[in-house]
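Text of the file run05.pdb, holding PDB, C-alpha atoms:
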```pdb
ATOM      1  CA  MET X 718       2.902 -23.373  21.874
ATOM      2  CA  THR X 719       0.170 -24.645  24.189
ATOM      3  CA  SER X 720      -3.144 -23.109  25.269
ATOM      4  CA  CYS X 721      -5.140 -23.133  28.499
ATOM      5  CA  ASP X 722      -8.719 -22.059  29.252
ATOM      6  CA  GLY X 723      -8.769 -19.826  32.323
ATOM      7  CA  ASN X 724     -12.598 -19.965  32.430
ATOM      8  CA  PHE X 725     -12.947 -16.252  33.250
ATOM      9  CA  GLY X 726     -10.895 -16.830  36.393
ATOM     10  CA  ILE X 727     -13.610 -18.999  37.963
ATOM     11  CA  ALA X 728     -12.070 -21.385  40.526
ATOM     12  CA  ASP X 729      -8.759 -19.506  40.112
ATOM     13  CA  GLY X 730      -8.564 -20.645  36.485
ATOM     14  CA  TYR X 731      -6.133 -17.973  35.297
ATOM     15  CA  ASN X 732      -3.588 -18.573  38.053
ATOM     16  CA  THR X 733      -3.852 -22.301  37.388
ATOM     17  CA  CYS X 734      -3.060 -21.752  33.698
ATOM     18  CA  ILE X 735      -0.064 -19.562  34.544
ATOM     19  CA  GLN X 736       1.286 -22.214  36.912
ATOM     20  CA  LYS X 737       0.924 -24.832  34.172
ATOM     21  CA  ALA X 738       2.841 -22.579  31.775
ATOM     22  CA  ILE X 739       5.656 -22.062  34.281
ATOM     23  CA  GLY X 740       5.809 -25.793  34.978
ATOM     24  CA  ALA X 741       6.000 -26.540  31.250
ATOM     25  CA  GLY X 742       9.010 -24.251  30.869
ATOM     26  CA  ALA X 743       7.321 -21.467  28.900
ATOM     27  CA  ASN X 744       9.590 -18.585  27.876
ATOM     28  CA  ALA X 745       6.593 -16.237  27.478
ATOM     29  CA  VAL X 746       2.904 -16.157  28.412
ATOM     30  CA  ALA X 747       0.157 -14.519  26.354
ATOM     31  CA  ILE X 748      -3.260 -13.847  27.885
ATOM     32  CA  VAL X 749      -6.567 -12.524  26.562
ATOM     33  CA  SER X 750      -8.922 -10.259  28.547
ATOM     34  CA  THR X 751      -7.276 -11.109  31.849
ATOM     35  CA  ASP X 752      -6.821  -8.376  34.431
ATOM     36  CA  CYS X 753      -4.119  -8.192  37.075
ATOM     37  CA  ASN X 754      -6.686  -8.630  39.832
ATOM     38  CA  GLN X 755      -7.805 -11.933  38.283
ATOM     39  CA  ALA X 756      -4.377 -13.605  38.329
ATOM     40  CA  TYR X 757      -2.239 -11.470  40.606
ATOM     41  CA  THR X 758      -0.225 -14.275  42.228
ATOM     42  CA  GLY X 759       0.662 -15.922  38.942
ATOM     43  CA  MET X 760       1.542 -12.646  37.263
ATOM     44  CA  LEU X 761       3.906 -11.692  40.076
ATOM     45  CA  GLU X 762       5.603 -15.076  39.791
ATOM     46  CA  LEU X 763       6.088 -14.601  36.043
ATOM     47  CA  LYS X 764       7.680 -11.219  36.702
ATOM     48  CA  ALA X 765       9.949 -12.655  39.412
ATOM     49  CA  LYS X 766      11.110 -15.416  37.065
ATOM     50  CA  GLY X 767      11.707 -13.012  34.173
ATOM     51  CA  ILE X 768       9.069 -14.638  31.945
ATOM     52  CA  PRO X 769       7.431 -11.913  29.814
ATOM     53  CA  LEU X 770       3.667 -11.597  30.111
ATOM     54  CA  VAL X 771       1.883 -10.142  27.081
ATOM     55  CA  GLY X 772      -1.785  -9.220  26.930
ATOM     56  CA  SER X 773      -4.679  -8.642  24.617
ATOM     57  CA  GLU X 774      -6.907  -6.369  26.709
ATOM     58  CA  GLY X 775      -4.776  -6.969  29.762
ATOM     59  CA  PHE X 776      -5.096  -4.268  32.421
ATOM     60  CA  GLU X 777      -2.244  -3.429  34.750
ATOM     61  CA  CYS X 778      -2.343  -3.836  38.517
ATOM     62  CA  ASP X 779      -2.657  -0.095  39.103
ATOM     63  CA  ASP X 780      -5.591   0.478  36.749
ATOM     64  CA  PRO X 781      -8.159   2.528  38.697
ATOM     65  CA  LEU X 782     -11.089   0.256  37.793
ATOM     66  CA  GLY X 783      -9.320  -2.910  38.922
ATOM     67  CA  TYR X 784      -6.688  -1.657  41.344
ATOM     68  CA  GLN X 785      -4.579  -4.362  42.974
ATOM     69  CA  SER X 786      -1.223  -2.715  43.637
ATOM     70  CA  LYS X 787       1.354  -0.370  42.100
ATOM     71  CA  GLN X 788       3.086  -3.309  40.428
ATOM     72  CA  HIS X 789       3.447  -3.416  36.648
ATOM     73  CA  VAL X 790       3.446  -7.000  35.373
ATOM     74  CA  PHE X 791       2.991  -6.786  31.593
ATOM     75  CA  ALA X 792       5.995  -6.813  29.277
ATOM     76  CA  GLY X 793       3.704  -5.858  26.391
ATOM     77  CA  ASN X 794       0.090  -5.312  25.409
ATOM     78  CA  ILE X 795      -1.592  -5.021  22.030
ATOM     79  CA  LEU X 796      -1.808  -1.422  20.885
ATOM     80  CA  TYR X 797      -4.805  -1.222  18.586
ATOM     81  CA  THR X 798      -4.973   1.944  16.488
ATOM     82  CA  LYS X 799      -3.448   5.397  16.812
ATOM     83  CA  LYS X 800      -6.856   6.882  17.592
ATOM     84  CA  TYR X 801      -7.791   4.202  20.136
ATOM     85  CA  PRO X 802      -4.466   2.656  21.152
ATOM     86  CA  THR X 803      -5.217   1.059  24.504
ATOM     87  CA  ALA X 804      -7.794  -1.440  25.693
ATOM     88  CA  LYS X 805      -9.303   1.338  27.822
ATOM     89  CA  ALA X 806      -9.747   3.695  24.869
ATOM     90  CA  LEU X 807     -10.962   0.921  22.589
ATOM     91  CA  ASN X 808     -13.612  -0.371  24.978
ATOM     92  CA  GLU X 809     -14.893   3.091  25.868
ATOM     93  CA  GLN X 810     -15.339   3.788  22.152
ATOM     94  CA  ALA X 811     -17.054   0.418  21.617
ATOM     95  CA  GLY X 812     -19.551   1.324  24.337
ATOM     96  CA  ARG X 813     -20.129   4.747  22.789
ATOM     97  CA  ALA X 814     -20.748   3.173  19.372
ATOM     98  CA  ASP X 815     -23.424   0.874  20.830
ATOM     99  CA  ALA X 816     -25.172   3.812  22.501
ATOM    100  CA  ASP X 817     -25.175   5.738  19.219
ATOM    101  CA  TYR X 818     -26.568   2.702  17.412
ATOM    102  CA  LEU X 819     -29.497   2.444  19.830
ATOM    103  CA  VAL X 820     -30.269   6.167  19.643
ATOM    104  CA  VAL X 821     -30.504   5.990  15.844
ATOM    105  CA  HIS X 822     -32.305   2.630  15.832
ATOM    106  CA  PHE X 823     -35.065   3.867  18.154
ATOM    107  CA  ASN X 824     -35.080   7.482  16.957
ATOM    108  CA  GLY X 825     -34.042   8.754  20.377
ATOM    109  CA  LYS X 826     -36.562   6.700  22.362
ATOM    110  CA  VAL X 827     -34.285   4.184  24.061
ATOM    111  CA  ASN X 828     -35.446   2.369  27.211
ATOM    112  CA  VAL X 829     -32.535   0.090  28.007
ATOM    113  CA  ILE X 830     -31.636  -2.524  30.600
ATOM    114  CA  ASN X 831     -27.924  -2.115  31.207
ATOM    115  CA  SER X 832     -25.659  -5.005  32.214
ATOM    116  CA  ASP X 833     -22.247  -4.157  33.668
ATOM    117  CA  PHE X 834     -19.845  -7.094  33.423
ATOM    118  CA  SER X 835     -17.335  -6.608  36.233
ATOM    119  CA  VAL X 836     -14.059  -7.139  34.427
ATOM    120  CA  VAL X 837     -12.022  -4.032  33.671
ATOM    121  CA  ALA X 838     -12.615  -4.031  29.896
ATOM    122  CA  GLY X 839     -16.340  -4.456  30.503
ATOM    123  CA  GLU X 840     -16.319  -1.619  33.048
ATOM    124  CA  TYR X 841     -14.727   0.773  30.548
ATOM    125  CA  ALA X 842     -17.140  -0.237  27.793
ATOM    126  CA  ASP X 843     -20.064   0.286  30.165
ATOM    127  CA  LEU X 844     -18.684   3.691  31.125
ATOM    128  CA  GLY X 845     -18.489   4.726  27.465
ATOM    129  CA  PHE X 846     -22.012   3.448  26.841
ATOM    130  CA  LYS X 847     -23.527   5.338  29.767
ATOM    131  CA  GLN X 848     -21.696   8.582  29.013
ATOM    132  CA  GLU X 849     -22.771   8.534  25.376
ATOM    133  CA  LEU X 850     -26.383   7.580  26.081
ATOM    134  CA  ALA X 851     -26.606  10.432  28.607
ATOM    135  CA  LYS X 852     -26.353  12.841  25.662
ATOM    136  CA  CYS X 853     -29.816  11.672  24.555
ATOM    137  CA  ALA X 854     -32.382  13.528  26.671
ATOM    138  CA  SER X 855     -35.232  11.167  25.771
ATOM    139  CA  CYS X 856     -33.271   7.968  26.457
ATOM    140  CA  LYS X 857     -33.459   6.086  29.747
ATOM    141  CA  ILE X 858     -31.553   3.370  31.568
ATOM    142  CA  LEU X 859     -34.373   1.512  33.301
ATOM    143  CA  ASP X 860     -32.272  -0.969  35.263
ATOM    144  CA  ASN X 861     -28.611  -1.781  35.980
ATOM    145  CA  ILE X 862     -27.405  -5.342  36.496
ATOM    146  CA  ASN X 863     -23.914  -5.735  37.924
ATOM    147  CA  TYR X 864     -22.518  -9.223  37.493
ATOM    148  CA  THR X 865     -19.223 -11.093  37.640
ATOM    149  CA  PRO X 866     -17.806 -14.126  35.753
ATOM    150  CA  PRO X 867     -19.055 -16.680  38.323
ATOM    151  CA  ASP X 868     -22.611 -15.421  37.685
ATOM    152  CA  THR X 869     -22.485 -16.319  33.982
ATOM    153  CA  PRO X 870     -22.843 -20.114  33.577
ATOM    154  CA  ALA X 871     -26.190 -21.090  32.093
ATOM    155  CA  GLY X 872     -28.771 -21.103  34.854
ATOM    156  CA  GLY X 873     -26.627 -18.801  37.001
ATOM    157  CA  THR X 874     -27.712 -15.667  38.815
ATOM    158  CA  TYR X 875     -27.248 -13.366  35.808
ATOM    159  CA  GLN X 876     -29.813 -15.225  33.739
ATOM    160  CA  THR X 877     -32.340 -14.930  36.577
ATOM    161  CA  GLU X 878     -31.558 -11.248  37.176
ATOM    162  CA  PHE X 879     -31.953 -10.313  33.508
ATOM    163  CA  ALA X 880     -35.287 -12.125  33.239
ATOM    164  CA  ALA X 881     -36.461 -10.339  36.399
ATOM    165  CA  ALA X 882     -35.376  -6.957  35.014
ATOM    166  CA  LEU X 883     -37.369  -7.607  31.834
ATOM    167  CA  ALA X 884     -40.464  -8.499  33.822
ATOM    168  CA  ALA X 885     -40.109  -5.425  36.045
ATOM    169  CA  ASN X 886     -39.648  -3.050  33.100
ATOM    170  CA  PRO X 887     -42.321  -3.744  30.450
ATOM    171  CA  THR X 888     -41.388  -0.575  28.508
ATOM    172  CA  ALA X 889     -37.830  -1.802  27.908
ATOM    173  CA  ASN X 890     -36.985  -1.995  24.228
ATOM    174  CA  ALA X 891     -33.227  -2.606  24.453
ATOM    175  CA  ALA X 892     -30.449  -4.194  26.460
ATOM    176  CA  TYR X 893     -26.735  -3.467  26.582
ATOM    177  CA  ASN X 894     -23.985  -5.925  27.494
ATOM    178  CA  TRP X 895     -20.242  -6.121  26.926
ATOM    179  CA  PRO X 896     -19.599  -9.756  25.843
ATOM    180  CA  ASP X 897     -21.794 -11.241  23.141
ATOM    181  CA  ALA X 898     -21.401 -14.802  24.439
ATOM    182  CA  ILE X 899     -23.756 -13.872  27.289
ATOM    183  CA  VAL X 900     -26.542 -13.098  24.812
ATOM    184  CA  ASP X 901     -26.962 -16.728  23.828
ATOM    185  CA  GLU X 902     -25.175 -18.829  26.449
ATOM    186  CA  ASP X 903     -26.720 -17.076  29.439
ATOM    187  CA  GLY X 904     -30.219 -16.703  28.145
ATOM    188  CA  GLN X 905     -30.693 -13.071  27.083
ATOM    189  CA  ILE X 906     -32.295 -14.008  23.768
ATOM    190  CA  SER X 907     -34.495 -16.701  25.315
ATOM    191  CA  ALA X 908     -35.567 -14.299  28.082
ATOM    192  CA  VAL X 909     -36.581 -11.685  25.509
ATOM    193  CA  ASP X 910     -38.433 -14.305  23.455
ATOM    194  CA  ALA X 911     -40.252 -15.483  26.597
ATOM    195  CA  VAL X 912     -41.913 -12.077  27.016
ATOM    196  CA  GLY X 913     -42.828 -11.902  23.329
ATOM    197  CA  LYS X 914     -40.442  -9.108  22.364
ATOM    198  CA  GLY X 915     -37.999 -10.979  20.127
ATOM    199  CA  SER X 916     -38.547  -8.990  16.925
ATOM    200  CA  SER X 917     -38.996  -5.542  18.499
ATOM    201  CA  PHE X 918     -36.272  -5.722  21.140
ATOM    202  CA  CYS X 919     -32.655  -4.738  20.454
ATOM    203  CA  ILE X 920     -29.694  -6.245  22.333
ATOM    204  CA  VAL X 921     -26.367  -4.584  21.588
ATOM    205  CA  THR X 922     -22.961  -5.826  22.695
ATOM    206  CA  SER X 923     -19.609  -4.088  22.596
ATOM    207  CA  GLN X 924     -16.848  -6.508  21.905
ATOM    208  CA  ASP X 925     -16.429 -10.206  21.337
ATOM    209  CA  SER X 926     -16.121 -12.824  18.643
ATOM    210  CA  ALA X 927     -19.651 -12.669  17.181
ATOM    211  CA  GLY X 928     -20.080 -16.388  16.683
ATOM    212  CA  PRO X 929     -22.633 -17.946  14.334
ATOM    213  CA  THR X 930     -25.419 -17.870  16.937
ATOM    214  CA  ASN X 931     -25.056 -14.098  17.298
ATOM    215  CA  ASP X 932     -24.894 -13.631  13.527
ATOM    216  CA  ALA X 933     -27.995 -15.784  13.031
ATOM    217  CA  ALA X 934     -29.951 -13.788  15.630
ATOM    218  CA  MET X 935     -29.073 -10.508  13.913
ATOM    219  CA  VAL X 936     -29.938 -11.809  10.434
ATOM    220  CA  ALA X 937     -33.260 -13.184  11.715
ATOM    221  CA  GLY X 938     -34.048  -9.988  13.607
ATOM    222  CA  ASN X 939     -34.418 -11.957  16.829
ATOM    223  CA  ALA X 940     -33.488  -9.816  19.864
ATOM    224  CA  GLN X 941     -29.814  -9.152  19.110
ATOM    225  CA  CYS X 942     -29.381  -6.403  16.547
ATOM    226  CA  ALA X 943     -25.756  -5.177  16.769
ATOM    227  CA  ASP X 944     -22.377  -6.354  17.993
ATOM    228  CA  GLY X 945     -18.864  -4.979  18.188
ATOM    229  CA  ALA X 946     -17.182  -7.968  16.566
ATOM    230  CA  VAL X 947     -13.491  -8.786  16.704
ATOM    231  CA  ASP X 948     -11.524 -10.571  13.991
ATOM    232  CA  VAL X 949     -10.118 -13.253  16.281
ATOM    233  CA  VAL X 950      -7.552 -14.419  13.725
ATOM    234  CA  TRP X 951      -6.121 -10.912  13.395
ATOM    235  CA  ASN X 952      -6.219 -10.576  17.172
ATOM    236  CA  GLY X 953      -4.313 -13.842  17.542
ATOM    237  CA  TYR X 954      -1.590 -12.829  15.113
ATOM    238  CA  ALA X 955      -1.327  -9.424  16.780
ATOM    239  CA  LEU X 956      -0.893 -11.074  20.175
ATOM    240  CA  ILE X 957       1.884 -13.358  18.906
ATOM    241  CA  ASP X 958       3.514 -10.345  17.266
ATOM    242  CA  GLU X 959       3.610  -8.631  20.657
ATOM    243  CA  VAL X 960       5.075 -11.772  22.257
ATOM    244  CA  ILE X 961       7.869 -11.754  19.693
ATOM    245  CA  ARG X 962       8.503  -8.076  20.344
ATOM    246  CA  ALA X 963       8.642  -8.678  24.106
ATOM    247  CA  LEU X 964      11.125 -11.535  23.692
ATOM    248  CA  ASP X 965      13.242  -9.235  21.495
ATOM    249  CA  HIS X 966      12.972  -6.490  24.150
ATOM    250  CA  LYS X 967      11.107  -4.208  21.741
ATOM    251  CA  ALA X 968       8.245  -1.854  22.601
ATOM    252  CA  SER X 969       4.648  -2.622  21.619
ATOM    253  CA  THR X 970       3.464  -1.270  18.272
ATOM    254  CA  PHE X 971       0.131  -0.384  16.673
ATOM    255  CA  GLU X 972      -1.479  -3.546  15.280
ATOM    256  CA  GLY X 973      -4.256  -1.737  13.376
ATOM    257  CA  MET X 974      -7.201  -3.815  14.587
ATOM    258  CA  GLY X 975     -10.260  -3.471  16.779
ATOM    259  CA  PRO X 976     -13.974  -4.289  16.893
ATOM    260  CA  VAL X 977     -16.213  -3.681  13.874
ATOM    261  CA  LEU X 978     -19.854  -2.795  14.510
ATOM    262  CA  ILE X 979     -21.978  -5.371  12.722
ATOM    263  CA  SER X 980     -25.751  -5.586  12.305
ATOM    264  CA  LYS X 981     -28.283  -7.056   9.900
ATOM    265  CA  GLY X 982     -27.126  -6.088   6.415
ATOM    266  CA  HIS X 983     -23.883  -4.536   7.643
ATOM    267  CA  ASN X 984     -20.514  -6.283   7.943
ATOM    268  CA  ILE X 985     -21.827  -9.760   8.816
ATOM    269  CA  PRO X 986     -19.515 -12.073   6.861
ATOM    270  CA  ASN X 987     -20.749 -14.670   4.439
ATOM    271  CA  VAL X 988     -18.402 -17.189   6.027
ATOM    272  CA  LYS X 989     -19.449 -20.461   7.631
ATOM    273  CA  SER X 990     -17.132 -20.723  10.617
ATOM    274  CA  ASN X 991     -17.251 -20.878  14.384
ATOM    275  CA  TRP X 992     -15.938 -17.347  14.796
ATOM    276  CA  TYR X 993     -16.376 -13.962  13.204
ATOM    277  CA  TYR X 994     -13.782 -13.522  10.494
ATOM    278  CA  PRO X 995     -14.488 -10.474   8.333
ATOM    279  CA  GLY X 996     -12.973  -9.696   4.966
ATOM    280  CA  ILE X 997     -11.061  -6.726   6.387
ATOM    281  CA  GLY X 998      -8.412  -9.146   7.641
ATOM    282  CA  GLY X 999      -8.102 -12.518   6.054
ATOM    283  CA  ALA X1000      -5.153 -13.773   4.062
ATOM    284  CA  LYS X1001      -3.616 -10.311   3.619
ATOM    285  CA  VAL X1002      -3.198  -9.864   7.358
ATOM    286  CA  VAL X1003      -1.731 -13.334   7.800
ATOM    287  CA  ALA X1004       0.693 -12.753   4.922
ATOM    288  CA  ALA X1005       1.760  -9.393   6.353
ATOM    289  CA  TYR X1006       2.606 -10.884   9.743
ATOM    290  CA  ARG X1007       4.466 -13.831   8.213
ATOM    291  CA  LYS X1008       6.529 -11.425   6.125
ATOM    292  CA  ALA X1009       7.306  -9.268   9.177
ATOM    293  CA  TRP X1010       8.450 -12.390  11.038
ATOM    294  CA  GLY X1011      10.719 -13.485   8.173
ATOM    295  CA  LEU X1012       8.545 -16.467   7.253
ATOM    296  CA  GLY X1013       7.893 -15.429   3.642
TER     297      GLY X1013
END
```

Mind turning this structure into structure tokens?
Amino acid sequence: MTSCDGNFGIADGYNTCIQKAIGAGANAVAIVSTDCNQAYTGMLELKAKGIPLVGSEGFECDDPLGYQSKQHVFAGNILYTKKYPTAKALNEQAGRADADYLVVHFNGKVNVINSDFSVVAGEYADLGFKQELAKCASCKILDNINYTPPDTPAGGTYQTEFAAALAANPTANAAYNWPDAIVDEDGQISAVDAVGKGSSFCIVTSQDSAGPTNDAAMVAGNAQCADGAVDVVWNGYALIDEVIRALDHKASTFEGMGPVLISKGHNIPNVKSNWYYPGIGGAKVVAAYRKAWGLG
């Protein structure tokens, strides 16, 4: 098994990775948070060659928020839980959970800067967030920032736009974003600190790996206060499980995982690692998959 960083599709990174996989003789390709409209050419080639494509948060070509064509290219996709089986349902719920957190945190007085990350999973999470926050009559979205993967490198346009939105909205007490990597790597925390709001401001994110920088910010009470964190080890095993099922021509199954809302004092693991790895998974999950695969 080999891996390839598609770099959010910047400079056609996803298609490049798929071409490398085909050239290396792969008998299956697994992708994470990659939509059909980000790697359409490569996905069609995989389908034509009969190489199964399996996704974690992969959205089909005919999804209404990322429509490319009527083609279906995925041989399998992680199904999460029975209540929220698809990536669409899961991300909408993650957005709703963040909105609820802010409403409680600020006692119904939320003034939020909303950031809409234009990948399909981010669009659905943003939709859930906005719909849920609209139920709070005293809550306001002060500004909307729409941005795409090429805007995200440090020093890119998103960092400038968020800082400008903060300056233009002095009553803002919160910010919403889908991926937590943006909070640190693209300057949300530093922008909040620059206007002297670090301890009173609340950044919430819907779904990502909640690395040590995010955990440290939440523990310190510095700008970020909640995150929908994913157990990346469980997610990895679930993705390989779906690859095996696709190669065996079996339908996708419920993998039982999804983001966990974490905040200071709640669900942040006492584990020194590069990625969020909560106790809800751990060795038991690994052992269960190995047993299901006949590896003891």

For this session: I need the residue set behind the PyMOL selection byres ((chain X and resi 962-971) around 9) for this file; please write it as a PyMOL selection string.
Result: chain X and resi 744-745+769-771+792-799+802+957-961+972-974

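Atom CA of X:His983 is positioned 15.6 Å from atom CA of X:Ser923.
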
Exercise. Hey, can you check how far atom CA of X:Ile906 sits from atom CA of X:Tyr841?
Worked result: 23.9 Å

Exercise. Atom CA of X:Ile748 to atom CA of X:Glu774: how many Å, to one decimal?
Worked result: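 Separation of atom CA of X:Ile748 and atom CA of X:Glu774: 8.4 Å.
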
For this session: Apply the PyMOL selection byres ((chain X and resi 880) around 9) to the structure shown and report the selected residues as a PyMOL selection string.
Result: chain X and resi 875-879+881-885+904-905+908-909+911

Take the residues just selected and output them with C-alpha atoms as a PDB file, in the coordinates of the input.
```pdb
ATOM      1  CA  TYR X 875     -27.248 -13.366  35.808  1.00  0.00           C
ATOM      2  CA  GLN X 876     -29.813 -15.225  33.739  1.00  0.00           C
ATOM      3  CA  THR X 877     -32.340 -14.930  36.577  1.00  0.00           C
ATOM      4  CA  GLU X 878     -31.558 -11.248  37.176  1.00  0.00           C
ATOM      5  CA  PHE X 879     -31.953 -10.313  33.508  1.00  0.00           C
ATOM      6  CA  ALA X 881     -36.461 -10.339  36.399  1.00  0.00           C
ATOM      7  CA  ALA X 882     -35.376  -6.957  35.014  1.00  0.00           C
ATOM      8  CA  LEU X 883     -37.369  -7.607  31.834  1.00  0.00           C
ATOM      9  CA  ALA X 884     -40.464  -8.499  33.822  1.00  0.00           C
ATOM     10  CA  ALA X 885     -40.109  -5.425  36.045  1.00  0.00           C
ATOM     11  CA  GLY X 904     -30.219 -16.703  28.145  1.00  0.00           C
ATOM     12  CA  GLN X 905     -30.693 -13.071  27.083  1.00  0.00           C
ATOM     13  CA  ALA X 908     -35.567 -14.299  28.082  1.00  0.00           C
ATOM     14  CA  VAL X 909     -36.581 -11.685  25.509  1.00  0.00           C
ATOM     15  CA  ALA X 911     -40.252 -15.483  26.597  1.00  0.00           C
TER      16      ALA X 911
END
```

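When only C-alpha atoms are used to measure the gap to X:Asp780, the shortest distance among X:Ile979, X:Leu763, X:Gly740, X:Ala838 belongs to X:Ala838.
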